[in-house]
$ cat upload.cif   # mmCIF, C-alpha atoms
data_work
#
loop_
_atom_site.group_PDB
_atom_site.id
_atom_site.type_symbol
_atom_site.label_atom_id
_atom_site.label_comp_id
_atom_site.auth_asym_id
_atom_site.auth_seq_id
_atom_site.Cartn_x
_atom_site.Cartn_y
_atom_site.Cartn_z
ATOM 1 C CA MET A 128 164.068 103.750 62.735
ATOM 2 C CA SER A 129 166.363 100.790 63.500
ATOM 3 C CA SER A 130 168.671 101.510 60.573
ATOM 4 C CA HIS A 131 169.678 104.799 62.155
ATOM 5 C CA ARG A 132 171.011 103.134 65.279
ATOM 6 C CA LEU A 133 174.640 103.509 66.212
ATOM 7 C CA PHE A 134 175.319 100.387 68.261
ATOM 8 C CA ARG A 135 175.444 96.722 67.356
ATOM 9 C CA PHE A 136 173.112 95.441 70.042
ATOM 10 C CA PRO A 137 169.513 96.276 69.287
ATOM 11 C CA LYS A 138 167.408 97.938 71.923
ATOM 12 C CA PRO A 139 165.186 95.327 73.587
ATOM 13 C CA ALA A 140 161.590 95.514 72.492
ATOM 14 C CA TRP A 141 160.143 95.838 75.990
ATOM 15 C CA LEU A 142 161.879 99.203 76.372
ATOM 16 C CA ASN A 143 159.417 100.781 73.995
ATOM 17 C CA SER A 144 156.208 99.414 75.413
ATOM 18 C CA ALA A 145 153.736 101.661 77.171
ATOM 19 C CA ASN A 146 153.707 99.359 80.200
ATOM 20 C CA THR A 147 157.411 99.845 80.862
ATOM 21 C CA ARG A 148 156.879 103.570 80.655
ATOM 22 C CA THR A 149 154.049 103.468 83.202
ATOM 23 C CA ALA A 150 156.121 101.329 85.546
ATOM 24 C CA GLY A 151 158.994 103.800 85.188
ATOM 25 C CA VAL A 152 156.802 106.721 86.233
ATOM 26 C CA TYR A 153 155.483 104.795 89.253
ATOM 27 C CA THR A 154 159.052 103.849 90.203
ATOM 28 C CA ALA A 155 160.142 107.473 89.980
ATOM 29 C CA GLY A 156 157.380 108.482 92.390
ATOM 30 C CA ALA A 157 158.344 105.693 94.780
ATOM 31 C CA LEU A 158 162.024 106.675 94.742
ATOM 32 C CA PHE A 159 161.178 110.336 95.349
ATOM 33 C CA SER A 160 158.948 109.354 98.261
ATOM 34 C CA LEU A 161 161.715 107.213 99.749
ATOM 35 C CA GLY A 162 164.191 110.098 99.559
ATOM 36 C CA PHE A 163 161.709 112.563 101.018
ATOM 37 C CA TYR A 164 160.888 110.327 103.972
ATOM 38 C CA ILE A 165 164.548 109.611 104.698
ATOM 39 C CA LEU A 166 165.002 113.377 104.993
ATOM 40 C CA ILE A 167 161.957 113.649 107.287
ATOM 41 C CA ASP A 168 163.298 110.694 109.287
ATOM 42 C CA ALA A 169 166.542 112.532 109.979
ATOM 43 C CA ALA A 170 164.587 115.596 111.124
ATOM 44 C CA ALA A 171 162.299 113.542 113.395
ATOM 45 C CA PHE A 172 165.293 111.675 114.795
ATOM 46 C CA SER A 173 166.910 115.005 115.637
ATOM 47 C CA LYS A 174 163.907 115.941 117.799
ATOM 48 C CA SER A 175 163.342 112.505 119.359
ATOM 49 C CA ALA A 176 164.646 111.212 122.678
ATOM 50 C CA LEU A 177 167.108 108.939 120.872
ATOM 51 C CA ASN A 178 169.263 111.858 119.864
ATOM 52 C CA GLY A 179 171.723 111.674 122.762
ATOM 53 C CA SER A 180 174.513 113.730 121.301
ATOM 54 C CA ASP A 181 176.387 115.375 124.139
ATOM 55 C CA PRO A 182 176.752 118.871 122.782
ATOM 56 C CA PRO A 183 173.251 118.726 121.259
ATOM 57 C CA VAL A 184 173.346 118.454 117.458
ATOM 58 C CA HIS A 185 170.096 119.190 115.662
ATOM 59 C CA ILE A 186 168.852 119.469 112.114
ATOM 60 C CA THR A 187 168.851 123.159 111.251
ATOM 61 C CA PHE A 188 167.885 125.007 108.099
ATOM 62 C CA VAL A 189 171.358 124.318 106.685
ATOM 63 C CA ASP A 190 170.484 120.632 106.425
ATOM 64 C CA TRP A 191 167.338 121.409 104.466
ATOM 65 C CA ILE A 192 168.967 123.561 101.762
ATOM 66 C CA PRO A 193 170.397 120.654 99.639
ATOM 67 C CA GLY A 194 167.053 118.852 99.664
ATOM 68 C CA ILE A 195 165.225 122.006 98.600
ATOM 69 C CA CYS A 196 167.748 122.541 95.764
ATOM 70 C CA SER A 197 167.365 118.950 94.537
ATOM 71 C CA ALA A 198 163.572 119.076 94.580
ATOM 72 C CA LEU A 199 163.549 122.408 92.717
ATOM 73 C CA GLY A 200 165.993 121.023 90.149
ATOM 74 C CA MET A 201 163.803 117.981 89.611
ATOM 75 C CA LEU A 202 160.777 120.224 89.121
ATOM 76 C CA VAL A 203 162.628 122.386 86.572
ATOM 77 C CA ILE A 204 164.031 119.438 84.593
ATOM 78 C CA ASN A 205 160.767 117.567 84.338
ATOM 79 C CA SER A 206 158.620 120.576 83.482
ATOM 80 C CA ILE A 207 160.461 120.963 80.150
ATOM 81 C CA ASP A 208 158.863 119.528 77.063
ATOM 82 C CA LYS A 209 161.512 117.092 75.829
ATOM 83 C CA SER A 210 160.547 117.360 72.160
ATOM 84 C CA ARG A 211 161.646 121.001 72.114
ATOM 85 C CA LEU A 212 165.246 119.962 72.749
ATOM 86 C CA SER A 213 165.797 118.438 69.325
ATOM 87 C CA ALA A 214 163.843 121.114 67.443
ATOM 88 C CA ASP A 215 166.942 123.060 66.588
ATOM 89 C CA SER A 216 166.857 122.824 62.813
ATOM 90 C CA PHE A 217 164.246 124.729 60.866
ATOM 91 C CA SER A 218 160.873 123.316 61.758
ATOM 92 C CA TYR A 219 159.170 125.051 64.655
ATOM 93 C CA SER A 220 161.938 126.662 66.618
ATOM 94 C CA GLY A 221 161.021 130.195 65.773
ATOM 95 C CA ASN A 222 162.700 132.247 68.465
ATOM 96 C CA GLY A 223 165.379 129.809 69.530
ATOM 97 C CA VAL A 224 163.149 127.509 71.554
ATOM 98 C CA ALA A 225 165.787 124.791 71.725
ATOM 99 C CA TRP A 226 168.340 127.251 73.029
ATOM 100 C CA LYS A 227 166.019 128.437 75.794
ATOM 101 C CA ALA A 228 165.072 124.878 76.666
ATOM 102 C CA ARG A 229 168.727 123.934 77.002
ATOM 103 C CA LEU A 230 169.392 126.954 79.216
ATOM 104 C CA VAL A 231 166.547 126.088 81.574
ATOM 105 C CA LEU A 232 167.616 122.455 81.539
ATOM 106 C CA PHE A 233 171.140 123.461 82.448
ATOM 107 C CA LEU A 234 169.794 125.457 85.394
ATOM 108 C CA GLY A 235 167.842 122.403 86.529
ATOM 109 C CA PHE A 236 170.842 120.086 86.326
ATOM 110 C CA ALA A 237 172.976 122.654 88.128
ATOM 111 C CA LEU A 238 170.414 122.866 90.950
ATOM 112 C CA MET A 239 170.301 119.098 91.257
ATOM 113 C CA ALA A 240 174.077 118.613 91.211
ATOM 114 C CA GLY A 241 174.372 121.493 93.682
ATOM 115 C CA GLY A 242 171.923 119.710 95.956
ATOM 116 C CA LEU A 243 173.945 116.493 95.962
ATOM 117 C CA ALA A 244 177.236 118.332 96.401
ATOM 118 C CA GLY A 245 175.737 120.458 99.178
ATOM 119 C CA ALA A 246 174.558 117.341 100.995
ATOM 120 C CA GLY A 247 178.094 115.984 100.823
ATOM 121 C CA ALA A 248 179.435 119.301 102.089
ATOM 122 C CA VAL A 249 177.010 119.339 105.048
ATOM 123 C CA LEU A 250 177.922 115.738 105.873
ATOM 124 C CA GLY A 251 181.621 116.566 105.832
ATOM 125 C CA LEU A 252 181.657 119.937 107.546
ATOM 126 C CA LYS A 253 178.940 119.425 110.135
ATOM 127 C CA TYR A 254 179.249 115.739 111.062
ATOM 128 C CA VAL A 255 182.506 114.115 109.890
ATOM 129 C CA VAL A 256 185.035 116.833 110.777
ATOM 130 C CA PRO A 257 183.872 117.101 114.459
ATOM 131 C CA GLU A 258 184.022 113.247 114.511
ATOM 132 C CA TYR A 259 180.556 112.492 115.804
ATOM 133 C CA PRO A 260 179.739 108.793 116.444
ATOM 134 C CA PHE A 261 177.128 106.977 114.450
ATOM 135 C CA PRO A 262 173.633 107.830 115.712
ATOM 136 C CA THR A 263 174.460 111.479 115.187
ATOM 137 C CA LEU A 264 176.251 110.797 111.915
ATOM 138 C CA TRP A 265 173.013 109.313 110.523
ATOM 139 C CA MET A 266 171.562 112.814 110.143
ATOM 140 C CA GLY A 267 174.301 113.695 107.658
ATOM 141 C CA VAL A 268 174.285 110.331 105.870
ATOM 142 C CA ALA A 269 170.498 110.502 105.476
ATOM 143 C CA ASN A 270 170.879 113.859 103.769
ATOM 144 C CA VAL A 271 173.244 112.425 101.136
ATOM 145 C CA VAL A 272 171.104 109.322 100.621
ATOM 146 C CA ALA A 273 167.935 111.401 100.252
ATOM 147 C CA ASN A 274 169.475 113.709 97.651
ATOM 148 C CA GLY A 275 170.886 110.736 95.743
ATOM 149 C CA LEU A 276 167.436 109.125 95.694
ATOM 150 C CA VAL A 277 165.826 112.319 94.396
ATOM 151 C CA MET A 278 168.441 112.412 91.618
ATOM 152 C CA LEU A 279 167.835 108.727 90.784
ATOM 153 C CA SER A 280 164.093 109.372 90.674
ATOM 154 C CA SER A 281 164.636 112.238 88.253
ATOM 155 C CA VAL A 282 166.805 110.034 86.010
ATOM 156 C CA VAL A 283 164.154 107.298 85.962
ATOM 157 C CA LEU A 284 161.449 109.829 85.126
ATOM 158 C CA TRP A 285 163.575 111.326 82.334
ATOM 159 C CA VAL A 286 164.283 107.929 80.762
ATOM 160 C CA ALA A 287 160.621 106.949 81.009
ATOM 161 C CA GLN A 288 159.455 110.117 79.319
ATOM 162 C CA ASN A 289 161.990 109.814 76.510
ATOM 163 C CA MET A 290 160.748 106.264 76.059
ATOM 164 C CA GLU A 291 157.298 107.643 75.528
ATOM 165 C CA ASP A 292 158.540 109.957 72.789
ATOM 166 C CA GLU A 293 159.972 107.108 70.758
ATOM 167 C CA TYR A 294 156.875 105.041 71.391
ATOM 168 C CA THR A 295 154.717 107.887 70.107
ATOM 169 C CA TYR A 296 157.010 108.278 67.122
ATOM 170 C CA ASN A 297 156.680 104.611 66.224
ATOM 171 C CA LEU A 298 152.927 104.848 66.457
ATOM 172 C CA ALA A 299 152.780 108.029 64.429
ATOM 173 C CA LEU A 300 154.787 106.479 61.618
ATOM 174 C CA MET B 125 133.860 87.264 86.799
ATOM 175 C CA ALA B 126 133.400 89.416 89.862
ATOM 176 C CA GLY B 127 130.825 87.362 91.648
ATOM 177 C CA LEU B 128 129.359 87.541 95.106
ATOM 178 C CA LYS B 129 132.197 85.432 96.542
ATOM 179 C CA THR B 130 134.801 87.923 95.393
ATOM 180 C CA ILE B 131 133.028 90.775 97.094
ATOM 181 C CA ILE B 132 132.678 88.791 100.330
ATOM 182 C CA VAL B 133 136.358 87.812 100.326
ATOM 183 C CA LEU B 134 137.443 91.369 99.569
ATOM 184 C CA SER B 135 135.334 92.790 102.377
ATOM 185 C CA PHE B 136 136.783 90.222 104.785
ATOM 186 C CA ILE B 137 140.316 91.229 103.792
ATOM 187 C CA LEU B 138 139.415 94.913 104.160
ATOM 188 C CA ALA B 139 138.009 94.256 107.641
ATOM 189 C CA ILE B 140 141.159 92.352 108.663
ATOM 190 C CA GLY B 141 143.292 95.226 107.412
ATOM 191 C CA PHE B 142 141.311 97.791 109.377
ATOM 192 C CA LEU B 143 141.414 95.518 112.439
ATOM 193 C CA LEU B 144 145.204 95.289 112.260
ATOM 194 C CA VAL B 145 145.641 99.048 111.901
ATOM 195 C CA ILE B 146 143.217 99.881 114.715
ATOM 196 C CA LEU B 147 144.815 97.250 116.984
ATOM 197 C CA SER B 148 148.273 98.623 116.238
ATOM 198 C CA SER B 149 147.182 102.014 117.507
ATOM 199 C CA ALA B 150 144.803 100.995 120.332
ATOM 200 C CA LEU B 151 147.081 98.404 121.980
ATOM 201 C CA TRP B 152 149.700 101.036 122.756
ATOM 202 C CA HIS B 153 147.317 104.008 123.195
ATOM 203 C CA ASN B 154 149.189 105.824 120.469
ATOM 204 C CA TYR B 155 147.096 106.772 117.482
ATOM 205 C CA PHE B 156 149.770 107.743 114.947
ATOM 206 C CA PRO B 157 149.428 104.503 112.884
ATOM 207 C CA LEU B 158 145.939 105.607 111.828
ATOM 208 C CA LEU B 159 147.691 107.936 109.370
ATOM 209 C CA VAL B 160 148.378 104.841 107.244
ATOM 210 C CA VAL B 161 144.653 104.411 106.602
ATOM 211 C CA ALA B 162 144.359 108.017 105.430
ATOM 212 C CA THR B 163 147.356 107.547 103.123
ATOM 213 C CA TYR B 164 146.032 104.426 101.468
ATOM 214 C CA VAL B 165 142.528 105.815 101.113
ATOM 215 C CA ILE B 166 143.782 108.866 99.188
ATOM 216 C CA ALA B 167 146.376 106.839 97.205
ATOM 217 C CA PRO B 168 144.053 105.966 94.281
ATOM 218 C CA LEU B 169 142.711 109.516 94.038
ATOM 219 C CA PRO B 170 145.487 111.179 91.922
ATOM 220 C CA ASN B 171 145.210 108.540 89.189
ATOM 221 C CA TRP B 172 141.454 108.877 89.144
ATOM 222 C CA ILE B 173 141.477 112.678 88.974
ATOM 223 C CA CYS B 174 144.251 112.910 86.377
ATOM 224 C CA SER B 175 142.766 110.251 84.134
ATOM 225 C CA HIS B 176 139.646 112.391 83.924
ATOM 226 C CA ALA B 177 141.700 115.512 83.225
ATOM 227 C CA ALA B 178 143.366 114.130 80.082
ATOM 228 C CA ASN B 179 142.638 111.757 77.236
ATOM 229 C CA PRO B 180 145.219 108.924 77.117
ATOM 230 C CA ASP B 181 144.261 107.816 73.598
ATOM 231 C CA ASP B 182 145.245 111.163 72.139
ATOM 232 C CA PHE B 183 148.909 110.238 71.667
ATOM 233 C CA MET B 184 149.652 113.008 69.194
ATOM 234 C CA GLU B 185 148.996 115.619 71.859
ATOM 235 C CA SER B 186 151.896 115.609 74.288
ATOM 236 C CA ALA B 187 150.238 118.046 76.699
ATOM 237 C CA GLY B 188 147.811 115.450 78.032
ATOM 238 C CA SER B 189 150.322 112.791 79.047
ATOM 239 C CA GLY B 190 152.069 115.126 81.468
ATOM 240 C CA VAL B 191 148.988 115.283 83.677
ATOM 241 C CA ILE B 192 148.626 111.491 83.645
ATOM 242 C CA ASP B 193 152.299 111.084 84.471
ATOM 243 C CA PHE B 194 151.860 113.437 87.410
ATOM 244 C CA GLY B 195 148.972 111.340 88.709
ATOM 245 C CA ARG B 196 151.045 108.154 88.467
ATOM 246 C CA PHE B 197 153.981 109.861 90.147
ATOM 247 C CA MET B 198 151.750 110.924 93.044
ATOM 248 C CA THR B 199 150.333 107.393 93.341
ATOM 249 C CA GLY B 200 153.820 105.926 93.599
ATOM 250 C CA PHE B 201 154.668 108.582 96.172
ATOM 251 C CA LEU B 202 151.626 107.797 98.341
ATOM 252 C CA VAL B 203 152.034 104.010 98.193
ATOM 253 C CA VAL B 204 155.629 104.197 99.402
ATOM 254 C CA MET B 205 154.558 106.784 101.994
ATOM 255 C CA GLY B 206 152.209 104.217 103.537
ATOM 256 C CA VAL B 207 155.191 101.935 104.234
ATOM 257 C CA ALA B 208 157.727 104.650 104.995
ATOM 258 C CA LEU B 209 155.626 106.510 107.550
ATOM 259 C CA PRO B 210 155.319 103.691 110.136
ATOM 260 C CA ALA B 211 158.988 102.790 109.604
ATOM 261 C CA LEU B 212 159.907 106.419 110.291
ATOM 262 C CA LEU B 213 157.744 106.570 113.433
ATOM 263 C CA ALA B 214 159.217 103.308 114.724
ATOM 264 C CA HIS B 215 162.770 104.406 113.994
ATOM 265 C CA CYS B 216 162.264 107.518 116.113
ATOM 266 C CA HIS B 217 160.550 105.521 118.927
ATOM 267 C CA ILE B 218 157.285 107.380 118.505
ATOM 268 C CA ILE B 219 155.528 104.012 118.035
ATOM 269 C CA GLN B 220 156.693 100.488 118.929
ATOM 270 C CA VAL B 221 158.132 98.066 116.355
ATOM 271 C CA PRO B 222 155.194 95.542 116.609
ATOM 272 C CA ALA B 223 152.818 98.455 115.977
ATOM 273 C CA MET B 224 154.855 99.299 112.874
ATOM 274 C CA VAL B 225 154.644 95.731 111.541
ATOM 275 C CA MET B 226 150.898 95.510 112.207
ATOM 276 C CA SER B 227 150.106 98.838 110.610
ATOM 277 C CA ILE B 228 152.221 98.112 107.494
ATOM 278 C CA ILE B 229 150.545 94.718 106.958
ATOM 279 C CA GLY B 230 147.108 96.204 107.617
ATOM 280 C CA GLY B 231 147.749 99.104 105.256
ATOM 281 C CA LEU B 232 148.926 96.811 102.466
ATOM 282 C CA LEU B 233 145.789 94.666 102.909
ATOM 283 C CA ILE B 234 143.585 97.789 102.681
ATOM 284 C CA TYR B 235 145.356 99.075 99.582
ATOM 285 C CA GLY B 236 145.306 95.636 97.926
ATOM 286 C CA THR B 237 141.562 95.490 98.492
ATOM 287 C CA ILE B 238 141.045 98.911 96.939
ATOM 288 C CA VAL B 239 143.171 98.064 93.887
ATOM 289 C CA SER B 240 141.554 94.686 93.255
ATOM 290 C CA PHE B 241 138.117 96.227 93.658
ATOM 291 C CA GLU B 242 139.015 98.793 90.997
ATOM 292 C CA LEU B 243 140.227 95.999 88.700
ATOM 293 C CA PHE B 244 136.954 94.093 89.022
ATOM 294 C CA PHE B 245 134.959 97.252 88.435
ATOM 295 C CA GLN B 246 136.930 98.007 85.269
ATOM 296 C CA GLU B 247 136.239 94.536 83.909
ATOM 297 C CA GLU B 248 132.552 94.947 84.541
ATOM 298 C CA ALA B 249 132.478 98.350 82.895
ATOM 299 C CA GLU B 250 133.877 96.960 79.645
ATOM 300 C CA PHE B 251 130.797 94.881 78.906
#

$ encode --input "upload.cif" --output "structure tokens"
Amino acid sequence: MSSHRLFRFPKPAWLNSANTRTAGVYTAGALFSLGFYILIDAAAFSKSALNGSDPPVHITFVDWIPGICSALGMLVINSIDKSRLSADSFSYSGNGVAWKARLVLFLGFALMAGGLAGAGAVLGLKYVVPEYPFPTLWMGVANVVANGLVMLSSVVLWVAQNMEDEYTYNLAL
Amino acid sequence: MAGLKTIIVLSFILAIGFLLVILSSALWHNYFPLLVVATYVIAPLPNWICSHAANPDDFMESAGSGVIDFGRFMTGFLVVMGVALPALLAHCHIIQVPAMVMSIIGGLLIYGTIVSFELFFQEEAEF
């Protein structure tokens, strides 16, 4: 296993333990929750008495679209069985399973990147260009932060699950 | 290991946690912080359900670990929700900031009691 490695520095041993993997999954859930509640916070702030924007600015469905895209992308990416990705050779990829998996994965990544880019677009077009001051600007900033946190959560979950594959492989050998 | 003293101390901590949460809602006649109790009471449930739905020792079967991962993900989600919900309510002036602090501390005490109780139960079940 270690002789096939490309880089000089060895991977630290704690990266392959089952405990690190468990902690990674918990962390992913926590990050997703943080992003979700920042989004809800922006929506609640829009309805509360603190929102004193003079021409009233509220969270509309446009602000929700990037978050919905990111969450859908995360669902798509993490519902793929990762071991099918490398099964391209001859073993059990009968009808091009790896190809299909990569297509679905691409759709998931596109949804997620579209979510983050859409949050940036909403922040720019709806809040920065009309030059709103800060309490109103928070609704746009929260959107970007929430989508970034959902993306970070997905990355942590992906790394943790790949960790599990190598751990399983070591055990199986 | 888990003697009578442990149970007494844990129940005291649980009572203090509930007292803090109930005070945080009753002092301001605003009962939103009680949601924290509901969150922390259902926080251990996903792990419990999903660990019964799959066998963690069966590491050759990759289908089982997805369910367990989902349970852990939901637990992480609910634990952060217990802190994020009062912070959200305080940020939008639905509850006061002291109520937020009291309900977060009370909720963490309740959840800590639940988790340590589970730990002691697990140790007893191994014998």

$ resolve_selection --input "upload.cif" --expression "the PyMOL selection byres ((chain B) within 6 of (chain A))" --output "list in words"
Arg196, Phe197, Gly200, Phe201, Val204, Leu212 and Cys216 of chain B

$ residues_around --input "upload.cif" --residues "Pro193 in chain A" --least-positions-apart "3" --cutoff "12 Å" --atoms "only C-alpha atoms" --output "ChimeraX atom specification"
/A:163,166,187-190,196-200,237-250,267,269-275,277-278

$ residues_around --input "upload.cif" --residues "Ile131 in chain B" --least-positions-apart "4" --cutoff "10 Å" --atoms "all atoms listed in the file" --output "ChimeraX atom specification"
/B:126-127,135-137,237,241,244

$ closest_residue --input "upload.cif" --among "B:Ala167, B:Met224, B:Leu159, B:Val145" --to "Ile238 in chain B" --atoms "only C-alpha atoms"
B:Ala167

$ atom_distance --input "upload.cif" --atom1 "CA of Ile229 in chain B" --atom2 "CA of Thr163 in chain B"
13.8 Å

$ residues_around --input "upload.cif" --residues "Leu169 in chain B" --least-positions-apart "6" --cutoff "10 Å" --atoms "all atoms listed in the file" --output "MDAnalysis selection string"
chainID B and resid 175 195 198:199

$ atom_distance --input "upload.cif" --atom1 "CA of Cys174 in chain B" --atom2 "CA of Val203 in chain B"
16.7 Å

$ atom_distance --input "upload.cif" --atom1 "CA of Trp152 in chain B" --atom2 "CA of Gly206 in chain B"
19.6 Å

$ resolve_selection --input "upload.cif" --expression "the PyMOL selection byres ((chain B and resi 149) around 12)" --output "ChimeraX atom specification"
/B:142-148,150-161,210,218-228,230
